[in-house]
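*Asks:* After the structure tokens below, expect a handful of questions from me.
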Amino acid sequence: MTTDAAGPLESVASARRALGEGRVSSAELVEAALSRAQERVALSAVVGVRPTRAREAAAASDARRAAGEALSPLDGVPLLLKDNMVVRGEPTTCGSRILEGFVSPYDAGVVERLQQGGAVILGRCNMDEFAMGSSTENSCFGPAHNPWDPTRSCGGSSGGSAASVAAGIVPAALGSDTGGSIRQPAAFCGVTGLKPTYGRVSRWGLVAFASSLDQIGPLTRSAADAADLLAVIAGHDPRDSTSLPEPVPDYAAALDGDVSGLTIGLPRECFVEEGVEPGVLASVRAAVEELSAAGAKLVEISLPHTAHAIATYYLIATAEASSNLSRFDGVRYGRRAAGADDIDELYRRSRSEGFGAEVKRRILLGTYVLSAGYYDAYYRRAQQVRTLLRRDFDAAFERCDLIATPTTPELAFPLGEKSGDPVTMYLSDIYTVTANLVGAPGISIPCAPVDGMPVGLQLLGRRLDEATLLRAADAFQRRTDFHEQRPPGPPEDPT
Ligand code: GLN
């Protein structure tokens, strides 16, 4: 069954076709995905599966289809979630020991929508603890590995989601992106990763890292698949006060392969040799040329405050994190330290034992920048620079429809290379954090690999204009086959 059903698992489009033509059942897809997860267990991409619930959902989907009542393009398709989106009756760990034993009493907004669309939620993916990181090394489950080269990082923090799609365990997964955590692992693993506009997808039931930056989005094989996922998960949710009450366009209909009317801006600050691997830059330049050959117009633009984006992001994100993570106190959720004599000691011990080093670092930094004596110098200043970055984007989008940059300054780095040096790790987010600070949508799509490793082209769009982003990404994928390239399979079983 595994091999028969393996083809349809390659993408949402192939799964949908095979299901529609009756070549495969959702039950078979779920079995195939479960065996793939098992075959690829060494990647540590998946941290928990729910076979019984998934089989029930698949059987219900097969019955609907037999009655001619498929609910959406995702009906019967097995998917994985990053382990920071809650599912009723299931654990959610956020890659943290502090959530040990926590079981959610409710479903996240995206989970409800996926289920309303008939998608089968198979389980949970590895991630950096509380989504803080760029390598999936900050996880209580240990690091996830890159399917293209298991000695390298799959990126982070949604690394398990990206690796699962790249390894063909599932055709799509959800991730969350606070400063690049969908787009950067997509780039490292050779898949498509979309961060929607802030407010486009409900954050209800997404465990908060930095609430003004967090956004859920899909990791898929192609922009066309991302359009199908976004159509299901997007839309207003009154339970998230920052959710936008805007209509959701027909994303699939926007994919007409035509970029001839589009102007793409190339920020001069992002195409400098300094700090970027030359191979990455060359690959991204070639991808932009391909879009130009398809009819898009290229213009040079400037985003003058780019140099301040990383500092601004790491002030705002840590400030919000320090406040959001205060709820994990050993009383309300998950793990509680034993042997404390009073409540203060209980908090202290539970948090000291439960949080990992990077999360503690961020809580300390965030508490510092919010403290009375330093608030104006750091937090307020960062908010002011955030406004300047937004103005940079507004001015740029008067001259172009999309902005193109590399997604990351380098190829997937070896595991362990940056884990001891947080500043170097933070600097690798240089191209991705701005979209979160200004609320704009962004996508990473595979362009020409370098030394056998994937490279990502990032496209950024106007707020709420995911349709144009997806159209350009899809047009590129119609003309290239980088998104169809697959990593090597699992090593032969030595036994
Ligand atoms: N790498 C960034 C950080 O560590 C972004 C994380 C994210 O988007 N969740 O904060």
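Labeling convention for the structure tokens: chains A, B, ... as they appear, residues from 1 per chain, ligands from 1 in order of appearance.
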Residues contacting ligand 1 - anything with an atom at most 10 Å away, using only C-alpha atoms and all ligand atoms - can you give me those as a ChimeraX atom specification?
*Replies:* /A:127-136,138,155-158,175-185,195,208-210,213-216,310,313-314,317-318,321,358-359,362,422,425-430,432-433,436
*Asks:* Those residues you just picked out, can you put them in a file as a compact mmCIF listing (two decimals), in the first residue's frame with N, CA and C atoms?
*Replies:*
# COMPACT_ATOMS: atom_id res chain seq x y z
N MET A 127 9.77 21.54 16.35
CA MET A 127 9.94 22.99 16.23
C MET A 127 10.92 23.48 17.28
N ASP A 128 11.46 24.68 17.07
CA ASP A 128 12.23 25.32 18.14
C ASP A 128 11.28 25.66 19.28
N GLU A 129 11.77 25.54 20.49
CA GLU A 129 10.92 25.76 21.68
C GLU A 129 10.20 27.11 21.59
N PHE A 130 8.89 27.08 21.69
CA PHE A 130 8.05 28.27 21.59
C PHE A 130 8.34 29.09 20.33
N ALA A 131 8.81 28.41 19.28
CA ALA A 131 9.08 29.03 17.97
C ALA A 131 10.25 30.01 18.00
N MET A 132 11.12 29.87 19.01
CA MET A 132 12.27 30.76 19.12
C MET A 132 13.50 30.08 18.59
N GLY A 133 13.85 30.41 17.35
CA GLY A 133 15.04 29.83 16.78
C GLY A 133 14.96 29.78 15.28
N SER A 134 16.07 29.42 14.64
CA SER A 134 16.14 29.37 13.19
C SER A 134 16.72 28.04 12.74
N SER A 135 16.67 27.00 13.58
CA SER A 135 17.34 25.76 13.21
C SER A 135 16.66 24.49 13.74
N THR A 136 15.58 24.63 14.51
CA THR A 136 14.94 23.48 15.18
C THR A 136 15.93 22.69 16.04
N ASN A 138 16.58 24.08 19.11
CA ASN A 138 16.10 24.41 20.46
C ASN A 138 14.80 23.66 20.75
N GLY A 155 16.37 24.31 9.19
CA GLY A 155 15.84 25.64 9.44
C GLY A 155 14.87 25.61 10.60
N GLY A 156 14.36 26.78 10.92
CA GLY A 156 13.43 26.83 12.03
C GLY A 156 12.69 28.15 12.06
N SER A 157 11.70 28.31 12.82
CA SER A 157 11.39 27.33 13.85
C SER A 157 10.43 26.24 13.36
N SER A 158 9.80 26.42 12.19
CA SER A 158 8.88 25.38 11.69
C SER A 158 9.66 24.32 10.91
N GLY A 175 2.83 25.83 9.44
CA GLY A 175 3.88 26.37 10.30
C GLY A 175 3.41 27.70 10.84
N SER A 176 4.24 28.32 11.67
CA SER A 176 3.95 29.69 12.09
C SER A 176 5.21 30.51 11.86
N ASP A 177 5.00 31.81 11.61
CA ASP A 177 6.09 32.68 11.18
C ASP A 177 5.99 33.98 11.96
N THR A 178 6.98 34.20 12.83
CA THR A 178 7.04 35.41 13.65
C THR A 178 8.12 36.34 13.12
N GLY A 179 9.17 35.71 12.54
CA GLY A 179 10.27 36.49 11.96
C GLY A 179 10.90 35.74 10.80
N GLY A 180 10.22 34.73 10.29
CA GLY A 180 10.77 33.97 9.16
C GLY A 180 10.58 32.48 9.28
N SER A 181 9.90 32.05 10.33
CA SER A 181 9.88 30.63 10.67
C SER A 181 9.12 29.71 9.72
N ILE A 182 8.40 30.26 8.76
CA ILE A 182 7.86 29.42 7.67
C ILE A 182 8.80 29.51 6.48
N ARG A 183 9.20 30.74 6.15
CA ARG A 183 9.95 30.96 4.90
C ARG A 183 11.38 30.41 4.96
N GLN A 184 12.06 30.59 6.09
CA GLN A 184 13.46 30.14 6.17
C GLN A 184 13.56 28.61 6.11
N PRO A 185 12.78 27.85 6.89
CA PRO A 185 12.85 26.39 6.72
C PRO A 185 12.38 25.92 5.33
N LYS A 195 3.94 33.00 4.35
CA LYS A 195 3.47 33.73 5.53
C LYS A 195 2.42 34.72 5.06
N ALA A 208 1.03 31.75 21.73
CA ALA A 208 1.63 33.03 21.36
C ALA A 208 3.12 33.08 21.67
N PHE A 209 3.90 33.58 20.71
CA PHE A 209 5.30 33.93 20.94
C PHE A 209 5.35 35.46 20.99
N ALA A 210 5.16 36.13 19.86
CA ALA A 210 5.13 37.59 19.82
C ALA A 210 3.86 37.97 19.06
N LEU A 213 3.39 39.84 15.76
CA LEU A 213 4.18 39.37 14.62
C LEU A 213 3.76 37.98 14.14
N ASP A 214 3.19 37.17 15.03
CA ASP A 214 2.89 35.76 14.73
C ASP A 214 1.85 35.63 13.61
N GLN A 215 2.05 34.67 12.74
CA GLN A 215 1.05 34.37 11.72
C GLN A 215 1.24 32.92 11.27
N ILE A 216 0.12 32.22 11.06
CA ILE A 216 0.14 30.82 10.62
C ILE A 216 0.11 30.78 9.09
N ILE A 310 16.86 43.76 12.15
CA ILE A 310 17.15 42.67 13.10
C ILE A 310 17.08 43.18 14.54
N TYR A 313 13.45 43.84 15.44
CA TYR A 313 12.72 42.58 15.64
C TYR A 313 13.07 41.93 16.98
N TYR A 314 14.34 41.85 17.30
CA TYR A 314 14.73 41.14 18.53
C TYR A 314 14.42 41.94 19.80
N ALA A 317 10.15 41.31 19.56
CA ALA A 317 9.76 39.91 19.75
C ALA A 317 10.07 39.44 21.17
N THR A 318 11.22 39.85 21.73
CA THR A 318 11.54 39.39 23.09
C THR A 318 10.64 40.07 24.11
N ALA A 321 7.41 38.28 23.97
CA ALA A 321 7.58 36.91 24.47
C ALA A 321 7.63 36.90 25.99
N GLU A 358 17.45 29.09 25.26
CA GLU A 358 17.11 30.21 24.37
C GLU A 358 15.85 30.93 24.86
N VAL A 359 14.88 30.16 25.33
CA VAL A 359 13.66 30.79 25.82
C VAL A 359 13.96 31.64 27.05
N ARG A 362 15.52 34.88 25.95
CA ARG A 362 14.55 35.83 25.38
C ARG A 362 13.69 36.47 26.48
N PRO A 422 24.22 32.90 19.64
CA PRO A 422 22.89 33.43 19.31
C PRO A 422 22.90 34.60 18.33
N MET A 425 23.13 33.44 14.88
CA MET A 425 21.84 32.82 14.54
C MET A 425 20.82 33.91 14.21
N TYR A 426 20.75 34.95 15.04
CA TYR A 426 19.76 36.02 14.82
C TYR A 426 20.01 36.71 13.48
N LEU A 427 21.29 36.91 13.14
CA LEU A 427 21.60 37.65 11.91
C LEU A 427 21.11 36.91 10.67
N SER A 428 20.95 35.60 10.78
CA SER A 428 20.52 34.85 9.60
C SER A 428 19.05 35.14 9.26
N ASP A 429 18.34 35.89 10.10
CA ASP A 429 16.94 36.25 9.81
C ASP A 429 16.82 37.58 9.07
N ILE A 430 17.93 38.10 8.59
CA ILE A 430 17.97 39.45 8.04
C ILE A 430 16.90 39.74 6.97
N THR A 432 14.00 38.10 6.43
CA THR A 432 12.63 37.68 6.69
C THR A 432 11.90 38.51 7.74
N VAL A 433 12.61 39.08 8.71
CA VAL A 433 11.92 39.72 9.84
C VAL A 433 11.09 40.95 9.44
N ASN A 436 7.32 40.62 8.87
CA ASN A 436 6.52 40.50 10.10
C ASN A 436 6.36 41.86 10.76
*Asks:* What is the atom CA of A:Tyr375 to atom CA of A:Arg332 distance in Å?
*Replies:*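 So the two atoms, atom CA of A:Tyr375 and atom CA of A:Arg332, lie 29.0 Å apart.
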*Asks:* Contacts of A:Thr93 at 7 Å or less, counting only C-alpha atoms, minus same-chain residues fewer than 4 places along, as a compact mmCIF listing (two decimals) with N, CA and C atoms, in the first residue's frame?
*Replies:*
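The resulting file, part.txt, is reproduced below:
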# COMPACT_ATOMS: atom_id res chain seq x y z
N ASP A 83 3.80 22.00 16.24
CA ASP A 83 3.30 21.63 17.56
C ASP A 83 3.03 22.83 18.47
N ASN A 84 2.58 23.95 17.86
CA ASN A 84 2.14 25.09 18.67
C ASN A 84 0.71 25.50 18.32
N LEU A 99 5.51 22.22 28.83
CA LEU A 99 4.14 21.82 28.48
C LEU A 99 3.92 20.31 28.59
N GLU A 100 4.90 19.63 29.19
CA GLU A 100 4.77 18.19 29.41
C GLU A 100 3.43 17.87 30.09
*Asks:* For atom CA of A:Leu325 and atom CA of A:Gly159, quote the distance in Å rounded to one decimal.
*Replies:*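 Computing it gives 21.5 Å between the two atoms.
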*Asks:* I'd like to know which of A:Thr405, A:Ser25, A:Ser96, A:Gln116 is closest to A:Phe355, using only C-alpha atoms.
*Replies:*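 Answer, going by the shortest atom-to-atom distance: A:Ser96.
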*Asks:* Rounded to one decimal, what separation in Å do you get between atom CA of A:Asp256 and atom CA of A:Gly461?
*Replies:*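 That distance, rounded to one decimal, is 17.4 Å.
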*Asks:* Which residues are near A:Glu273? Cut-off 12 Å, only C-alpha atoms, ignore same chain within fewer than 3 positions. Put them as a JSON list (two decimals) with C-alpha atoms, in the first residue's frame.
*Replies:*
[["chain", "number", "residue", "atom", "x", "y", "z"],
["A", 268, "ARG", "CA", 19.52, 47.50, -3.33],
["A", 269, "GLU", "CA", 20.18, 46.86, 0.39],
["A", 270, "CYS", "CA", 19.38, 43.14, -0.11],
["A", 276, "VAL", "CA", 25.45, 36.68, 1.58],
["A", 277, "GLU", "CA", 26.84, 33.48, 0.12],
["A", 278, "PRO", "CA", 27.73, 34.23, -3.51],
["A", 279, "GLY", "CA", 26.00, 31.07, -4.77],
["A", 280, "VAL", "CA", 22.76, 32.05, -3.04],
["A", 281, "LEU", "CA", 22.86, 35.53, -4.53],
["A", 282, "ALA", "CA", 23.54, 34.17, -8.03],
["A", 285, "ARG", "CA", 19.39, 36.77, -9.34],
["A", 406, "PRO", "CA", 16.92, 35.99, -1.07],
["A", 409, "PRO", "CA", 21.77, 34.74, 3.32],
["A", 410, "GLU", "CA", 23.18, 31.21, 3.22]]
*Asks:* What's the 12 Å shell around A:Ile169, counting only C-alpha atoms, without same-chain residues fewer than 4 positions away, as a PDB file with N, CA, C and O atoms, in the first residue's frame?
*Replies:*
ATOM      1  N   THR A   2       1.970   1.201   0.747  1.00  0.00           N
ATOM      2  CA  THR A   2       2.815   2.394   0.842  1.00  0.00           C
ATOM      3  C   THR A   2       3.245   2.886  -0.529  1.00  0.00           C
ATOM      4  O   THR A   2       3.080   4.045  -0.852  1.00  0.00           O
ATOM      5  N   ALA A   5       0.352   4.260  -2.750  1.00  0.00           N
ATOM      6  CA  ALA A   5      -0.201   5.546  -2.333  1.00  0.00           C
ATOM      7  C   ALA A   5       0.859   6.633  -2.264  1.00  0.00           C
ATOM      8  O   ALA A   5       0.546   7.783  -2.037  1.00  0.00           O
ATOM      9  N   ALA A   6       2.143   6.268  -2.473  1.00  0.00           N
ATOM     10  CA  ALA A   6       3.214   7.255  -2.298  1.00  0.00           C
ATOM     11  C   ALA A   6       3.111   8.375  -3.323  1.00  0.00           C
ATOM     12  O   ALA A   6       3.305   9.538  -2.988  1.00  0.00           O
ATOM     13  N   GLY A   7       2.792   8.067  -4.559  1.00  0.00           N
ATOM     14  CA  GLY A   7       2.671   9.095  -5.599  1.00  0.00           C
ATOM     15  C   GLY A   7       1.709  10.204  -5.214  1.00  0.00           C
ATOM     16  O   GLY A   7       2.097  11.375  -5.196  1.00  0.00           O
ATOM     17  N   PRO A   8       0.489   9.837  -4.840  1.00  0.00           N
ATOM     18  CA  PRO A   8      -0.477  10.879  -4.481  1.00  0.00           C
ATOM     19  C   PRO A   8      -0.054  11.733  -3.297  1.00  0.00           C
ATOM     20  O   PRO A   8      -0.546  12.840  -3.132  1.00  0.00           O
ATOM     21  N   LEU A   9       0.865  11.240  -2.458  1.00  0.00           N
ATOM     22  CA  LEU A   9       1.292  12.051  -1.310  1.00  0.00           C
ATOM     23  C   LEU A   9       2.260  13.157  -1.703  1.00  0.00           C
ATOM     24  O   LEU A   9       2.614  13.996  -0.892  1.00  0.00           O
ATOM     25  N   GLU A  10       2.721  13.130  -2.948  1.00  0.00           N
ATOM     26  CA  GLU A  10       3.734  14.095  -3.380  1.00  0.00           C
ATOM     27  C   GLU A  10       3.260  15.536  -3.267  1.00  0.00           C
ATOM     28  O   GLU A  10       4.048  16.427  -3.022  1.00  0.00           O
ATOM     29  N   SER A  11       1.978  15.785  -3.515  1.00  0.00           N
ATOM     30  CA  SER A  11       1.485  17.162  -3.443  1.00  0.00           C
ATOM     31  C   SER A  11      -0.001  17.132  -3.134  1.00  0.00           C
ATOM     32  O   SER A  11      -0.649  16.089  -3.284  1.00  0.00           O
ATOM     33  N   LEU A  29      -4.177   6.862   1.927  1.00  0.00           N
ATOM     34  CA  LEU A  29      -3.220   7.979   2.044  1.00  0.00           C
ATOM     35  C   LEU A  29      -2.731   8.103   3.488  1.00  0.00           C
ATOM     36  O   LEU A  29      -1.541   8.354   3.729  1.00  0.00           O
ATOM     37  N   VAL A  30      -3.645   7.945   4.413  1.00  0.00           N
ATOM     38  CA  VAL A  30      -3.265   8.060   5.825  1.00  0.00           C
ATOM     39  C   VAL A  30      -2.299   6.932   6.211  1.00  0.00           C
ATOM     40  O   VAL A  30      -1.271   7.180   6.866  1.00  0.00           O
ATOM     41  N   GLU A  31      -2.577   5.711   5.769  1.00  0.00           N
ATOM     42  CA  GLU A  31      -1.647   4.600   6.072  1.00  0.00           C
ATOM     43  C   GLU A  31      -0.283   4.870   5.455  1.00  0.00           C
ATOM     44  O   GLU A  31       0.758   4.634   6.082  1.00  0.00           O
ATOM     45  N   ALA A  32      -0.284   5.364   4.219  1.00  0.00           N
ATOM     46  CA  ALA A  32       0.994   5.635   3.538  1.00  0.00           C
ATOM     47  C   ALA A  32       1.772   6.716   4.286  1.00  0.00           C
ATOM     48  O   ALA A  32       2.986   6.595   4.491  1.00  0.00           O
ATOM     49  N   ALA A  33       1.060   7.765   4.714  1.00  0.00           N
ATOM     50  CA  ALA A  33       1.742   8.853   5.417  1.00  0.00           C
ATOM     51  C   ALA A  33       2.277   8.359   6.765  1.00  0.00           C
ATOM     52  O   ALA A  33       3.392   8.718   7.164  1.00  0.00           O
ATOM     53  N   LEU A  34       1.507   7.520   7.450  1.00  0.00           N
ATOM     54  CA  LEU A  34       1.977   6.982   8.730  1.00  0.00           C
ATOM     55  C   LEU A  34       3.221   6.119   8.515  1.00  0.00           C
ATOM     56  O   LEU A  34       4.185   6.197   9.293  1.00  0.00           O
ATOM     57  N   SER A  35       3.239   5.312   7.439  1.00  0.00           N
ATOM     58  CA  SER A  35       4.459   4.502   7.250  1.00  0.00           C
ATOM     59  C   SER A  35       5.638   5.354   6.831  1.00  0.00           C
ATOM     60  O   SER A  35       6.770   5.102   7.236  1.00  0.00           O
ATOM     61  N   ARG A  36       5.358   6.401   6.039  1.00  0.00           N
ATOM     62  CA  ARG A  36       6.475   7.299   5.697  1.00  0.00           C
ATOM     63  C   ARG A  36       7.044   7.983   6.934  1.00  0.00           C
ATOM     64  O   ARG A  36       8.253   8.171   7.054  1.00  0.00           O
ATOM     65  N   ALA A  37       6.153   8.386   7.834  1.00  0.00           N
ATOM     66  CA  ALA A  37       6.626   9.029   9.064  1.00  0.00           C
ATOM     67  C   ALA A  37       7.532   8.063   9.822  1.00  0.00           C
ATOM     68  O   ALA A  37       8.572   8.444  10.371  1.00  0.00           O
ATOM     69  N   GLN A  38       7.149   6.786   9.815  1.00  0.00           N
ATOM     70  CA  GLN A  38       7.933   5.765  10.496  1.00  0.00           C
ATOM     71  C   GLN A  38       9.271   5.539   9.787  1.00  0.00           C
ATOM     72  O   GLN A  38      10.333   5.507  10.419  1.00  0.00           O
ATOM     73  N   GLU A  39       9.217   5.427   8.437  1.00  0.00           N
ATOM     74  CA  GLU A  39      10.463   5.223   7.671  1.00  0.00           C
ATOM     75  C   GLU A  39      11.446   6.377   7.887  1.00  0.00           C
ATOM     76  O   GLU A  39      12.651   6.188   7.847  1.00  0.00           O
ATOM     77  N   ARG A  40      10.909   7.601   8.062  1.00  0.00           N
ATOM     78  CA  ARG A  40      11.777   8.770   8.173  1.00  0.00           C
ATOM     79  C   ARG A  40      11.919   9.257   9.610  1.00  0.00           C
ATOM     80  O   ARG A  40      12.163  10.439   9.857  1.00  0.00           O
ATOM     81  N   VAL A  41      11.766   8.333  10.551  1.00  0.00           N
ATOM     82  CA  VAL A  41      11.768   8.720  11.961  1.00  0.00           C
ATOM     83  C   VAL A  41      13.102   9.355  12.372  1.00  0.00           C
ATOM     84  O   VAL A  41      13.155  10.240  13.241  1.00  0.00           O
ATOM     85  N   LEU A  43      14.701  11.546  10.969  1.00  0.00           N
ATOM     86  CA  LEU A  43      14.739  12.994  10.728  1.00  0.00           C
ATOM     87  C   LEU A  43      14.266  13.780  11.955  1.00  0.00           C
ATOM     88  O   LEU A  43      14.497  14.985  12.044  1.00  0.00           O
ATOM     89  N   SER A  44      13.528  13.115  12.862  1.00  0.00           N
ATOM     90  CA  SER A  44      12.923  13.813  14.020  1.00  0.00           C
ATOM     91  C   SER A  44      12.041  14.979  13.584  1.00  0.00           C
ATOM     92  O   SER A  44      11.981  16.002  14.266  1.00  0.00           O
ATOM     93  N   ALA A  45      11.407  14.838  12.445  1.00  0.00           N
ATOM     94  CA  ALA A  45      10.543  15.915  11.941  1.00  0.00           C
ATOM     95  C   ALA A  45       9.163  15.850  12.566  1.00  0.00           C
ATOM     96  O   ALA A  45       8.504  16.865  12.745  1.00  0.00           O
ATOM     97  N   VAL A  46       8.719  14.628  12.893  1.00  0.00           N
ATOM     98  CA  VAL A  46       7.374  14.437  13.445  1.00  0.00           C
ATOM     99  C   VAL A  46       7.539  14.038  14.910  1.00  0.00           C
ATOM    100  O   VAL A  46       8.322  13.141  15.220  1.00  0.00           O
ATOM    101  N   VAL A  49       1.984  11.354  16.386  1.00  0.00           N
ATOM    102  CA  VAL A  49       0.912  11.083  15.429  1.00  0.00           C
ATOM    103  C   VAL A  49      -0.329  10.638  16.203  1.00  0.00           C
ATOM    104  O   VAL A  49      -0.238  10.212  17.356  1.00  0.00           O
ATOM    105  N   VAL A  77      -7.106  14.685   2.598  1.00  0.00           N
ATOM    106  CA  VAL A  77      -5.647  14.832   2.462  1.00  0.00           C
ATOM    107  C   VAL A  77      -5.009  14.881   3.857  1.00  0.00           C
ATOM    108  O   VAL A  77      -5.404  15.704   4.691  1.00  0.00           O
ATOM    109  N   PRO A  78      -4.020  14.010   4.142  1.00  0.00           N
ATOM    110  CA  PRO A  78      -3.363  14.040   5.451  1.00  0.00           C
ATOM    111  C   PRO A  78      -2.375  15.207   5.576  1.00  0.00           C
ATOM    112  O   PRO A  78      -1.591  15.461   4.662  1.00  0.00           O
ATOM    113  N   LEU A  79      -2.434  15.892   6.706  1.00  0.00           N
ATOM    114  CA  LEU A  79      -1.577  17.059   6.940  1.00  0.00           C
ATOM    115  C   LEU A  79      -0.969  16.973   8.331  1.00  0.00           C
ATOM    116  O   LEU A  79      -1.506  16.308   9.221  1.00  0.00           O
ATOM    117  N   LEU A  80       0.126  17.689   8.535  1.00  0.00           N
ATOM    118  CA  LEU A  80       0.741  17.801   9.858  1.00  0.00           C
ATOM    119  C   LEU A  80       0.706  19.250  10.318  1.00  0.00           C
ATOM    120  O   LEU A  80       0.724  20.170   9.492  1.00  0.00           O
ATOM    121  N   LEU A 122      -2.883  14.543  10.899  1.00  0.00           N
ATOM    122  CA  LEU A 122      -2.171  13.301  11.200  1.00  0.00           C
ATOM    123  C   LEU A 122      -1.355  13.406  12.491  1.00  0.00           C
ATOM    124  O   LEU A 122      -1.172  12.432  13.193  1.00  0.00           O
ATOM    125  N   GLY A 123      -0.848  14.601  12.772  1.00  0.00           N
ATOM    126  CA  GLY A 123      -0.017  14.720  13.968  1.00  0.00           C
ATOM    127  C   GLY A 123       0.730  16.036  14.007  1.00  0.00           C
ATOM    128  O   GLY A 123       0.331  16.999  13.356  1.00  0.00           O
ATOM    129  N   CYS A 125       4.487  18.397  14.368  1.00  0.00           N
ATOM    130  CA  CYS A 125       5.871  18.502  13.877  1.00  0.00           C
ATOM    131  C   CYS A 125       6.796  19.153  14.893  1.00  0.00           C
ATOM    132  O   CYS A 125       6.392  20.034  15.658  1.00  0.00           O
ATOM    133  N   PRO A 147      16.253  16.799   5.212  1.00  0.00           N
ATOM    134  CA  PRO A 147      16.206  15.588   4.367  1.00  0.00           C
ATOM    135  C   PRO A 147      17.226  15.614   3.221  1.00  0.00           C
ATOM    136  O   PRO A 147      17.595  14.551   2.713  1.00  0.00           O
ATOM    137  N   GLY A 160      10.364  21.132  11.485  1.00  0.00           N
ATOM    138  CA  GLY A 160       9.749  19.810  11.334  1.00  0.00           C
ATOM    139  C   GLY A 160       8.683  19.811  10.252  1.00  0.00           C
ATOM    140  O   GLY A 160       8.535  18.822   9.512  1.00  0.00           O
ATOM    141  N   SER A 161       7.954  20.908  10.127  1.00  0.00           N
ATOM    142  CA  SER A 161       6.917  21.002   9.092  1.00  0.00           C
ATOM    143  C   SER A 161       7.556  20.997   7.707  1.00  0.00           C
ATOM    144  O   SER A 161       7.092  20.283   6.800  1.00  0.00           O
ATOM    145  N   ALA A 162       8.619  21.788   7.540  1.00  0.00           N
ATOM    146  CA  ALA A 162       9.290  21.862   6.231  1.00  0.00           C
ATOM    147  C   ALA A 162       9.930  20.523   5.882  1.00  0.00           C
ATOM    148  O   ALA A 162       9.811  20.037   4.744  1.00  0.00           O
ATOM    149  N   ALA A 163      10.593  19.906   6.857  1.00  0.00           N
ATOM    150  CA  ALA A 163      11.274  18.635   6.594  1.00  0.00           C
ATOM    151  C   ALA A 163      10.259  17.540   6.259  1.00  0.00           C
ATOM    152  O   ALA A 163      10.506  16.692   5.401  1.00  0.00           O
ATOM    153  N   SER A 164       9.095  17.568   6.903  1.00  0.00           N
ATOM    154  CA  SER A 164       8.078  16.550   6.641  1.00  0.00           C
ATOM    155  C   SER A 164       7.559  16.636   5.205  1.00  0.00           C
ATOM    156  O   SER A 164       7.311  15.612   4.569  1.00  0.00           O
ATOM    157  N   VAL A 165       7.375  17.854   4.733  1.00  0.00           N
ATOM    158  CA  VAL A 165       6.895  18.016   3.356  1.00  0.00           C
ATOM    159  C   VAL A 165       8.018  17.646   2.382  1.00  0.00           C
ATOM    160  O   VAL A 165       7.798  16.907   1.413  1.00  0.00           O
ATOM    161  N   ALA A 173       1.959  20.950   5.311  1.00  0.00           N
ATOM    162  CA  ALA A 173       1.951  21.088   6.770  1.00  0.00           C
ATOM    163  C   ALA A 173       1.730  22.560   7.074  1.00  0.00           C
ATOM    164  O   ALA A 173       1.979  23.422   6.227  1.00  0.00           O
ATOM    165  N   THR A 220       4.247  23.769   1.590  1.00  0.00           N
ATOM    166  CA  THR A 220       3.716  22.878   0.550  1.00  0.00           C
ATOM    167  C   THR A 220       4.778  22.630  -0.516  1.00  0.00           C
ATOM    168  O   THR A 220       5.873  23.193  -0.468  1.00  0.00           O
ATOM    169  N   ARG A 221       4.424  21.807  -1.504  1.00  0.00           N
ATOM    170  CA  ARG A 221       5.305  21.584  -2.645  1.00  0.00           C
ATOM    171  C   ARG A 221       5.301  22.748  -3.627  1.00  0.00           C
ATOM    172  O   ARG A 221       6.267  22.969  -4.333  1.00  0.00           O
ATOM    173  N   GLY A 489      16.127   9.506  -0.810  1.00  0.00           N
ATOM    174  CA  GLY A 489      15.257   8.755   0.102  1.00  0.00           C
ATOM    175  C   GLY A 489      15.989   8.374   1.364  1.00  0.00           C
ATOM    176  O   GLY A 489      17.142   8.763   1.570  1.00  0.00           O
ATOM    177  N   PRO A 490      15.336   7.624   2.243  1.00  0.00           N
ATOM    178  CA  PRO A 490      15.996   7.227   3.485  1.00  0.00           C
ATOM    179  C   PRO A 490      17.159   6.295   3.178  1.00  0.00           C
ATOM    180  O   PRO A 490      17.102   5.549   2.199  1.00  0.00           O
TER     181      PRO A 490
END
*Asks:* Can you list, as a PyMOL selection string, every protein, DNA or RNA residue that comes within 10 Å of A:Ala234 when you count only C-alpha atoms, leaving out same-chain residues fewer than 6 positions away?
*Replies:* chain A and resi 109-110+113+196-197+199-202+216-217+243-244+246-249
*Asks:* Could you pull out the alpha helix (DSSP H) residues of stretch 60-210 of chain A from DSSP and send them as a count of residues only?
*Replies:* 30
*Asks:* Tell me which of A:His236, A:Arg479, A:Arg64, A:Arg463 sits closest to A:Glu289, counting only C-alpha atoms.
*Replies:* A:Arg479
*Asks:* Would you mind telling me which residue in A:Ala70, A:Ile98, A:Ala18, A:Val369 lies nearest to A:Ser326 when using only C-alpha atoms?
*Replies:*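 Of all the options, A:Ile98 lies closest to A:Ser326.
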*Asks:* Please run DSSP on the backbone and report, as a PyMOL selection string, all residues within stretch 269-492 of chain A that come out as strand (DSSP E).
*Replies:* chain A and resi 297-301+402-406+442-450+453-461
*Asks:* Given only C-alpha atoms as the basis, pick out the residue of A:Asp149, A:Glu56, A:Glu90, A:Glu290 nearest to A:Ala473.
*Replies:*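 Ranking A:Asp149, A:Glu56, A:Glu90, A:Glu290 by distance to A:Ala473, first place goes to A:Glu290.
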*Asks:* Using only C-alpha atoms, which residues sit within 9 Å of A:Asp228 once same-chain residues fewer than 5 positions away are excluded, as an mmCIF file with C-alpha atoms, in the first residue's frame?
*Replies:*
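File produced: out32.cif:
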data_model
loop_
_atom_site.group_PDB
_atom_site.id
_atom_site.type_symbol
_atom_site.label_atom_id
_atom_site.label_comp_id
_atom_site.auth_asym_id
_atom_site.auth_seq_id
_atom_site.Cartn_x
_atom_site.Cartn_y
_atom_site.Cartn_z
ATOM 1 C CA VAL A 12 -1.970 18.368 -2.515
ATOM 2 C CA ALA A 13 -2.790 18.528 -6.233
ATOM 3 C CA SER A 72 -12.879 21.207 -0.176
ATOM 4 C CA PRO A 73 -9.741 20.506 -2.228
ATOM 5 C CA LEU A 74 -8.234 19.232 1.029
ATOM 6 C CA ALA A 223 2.396 27.828 -4.791
ATOM 7 C CA TYR A 251 -6.662 32.297 -4.716
ATOM 8 C CA ALA A 252 -6.729 29.383 -7.155
#
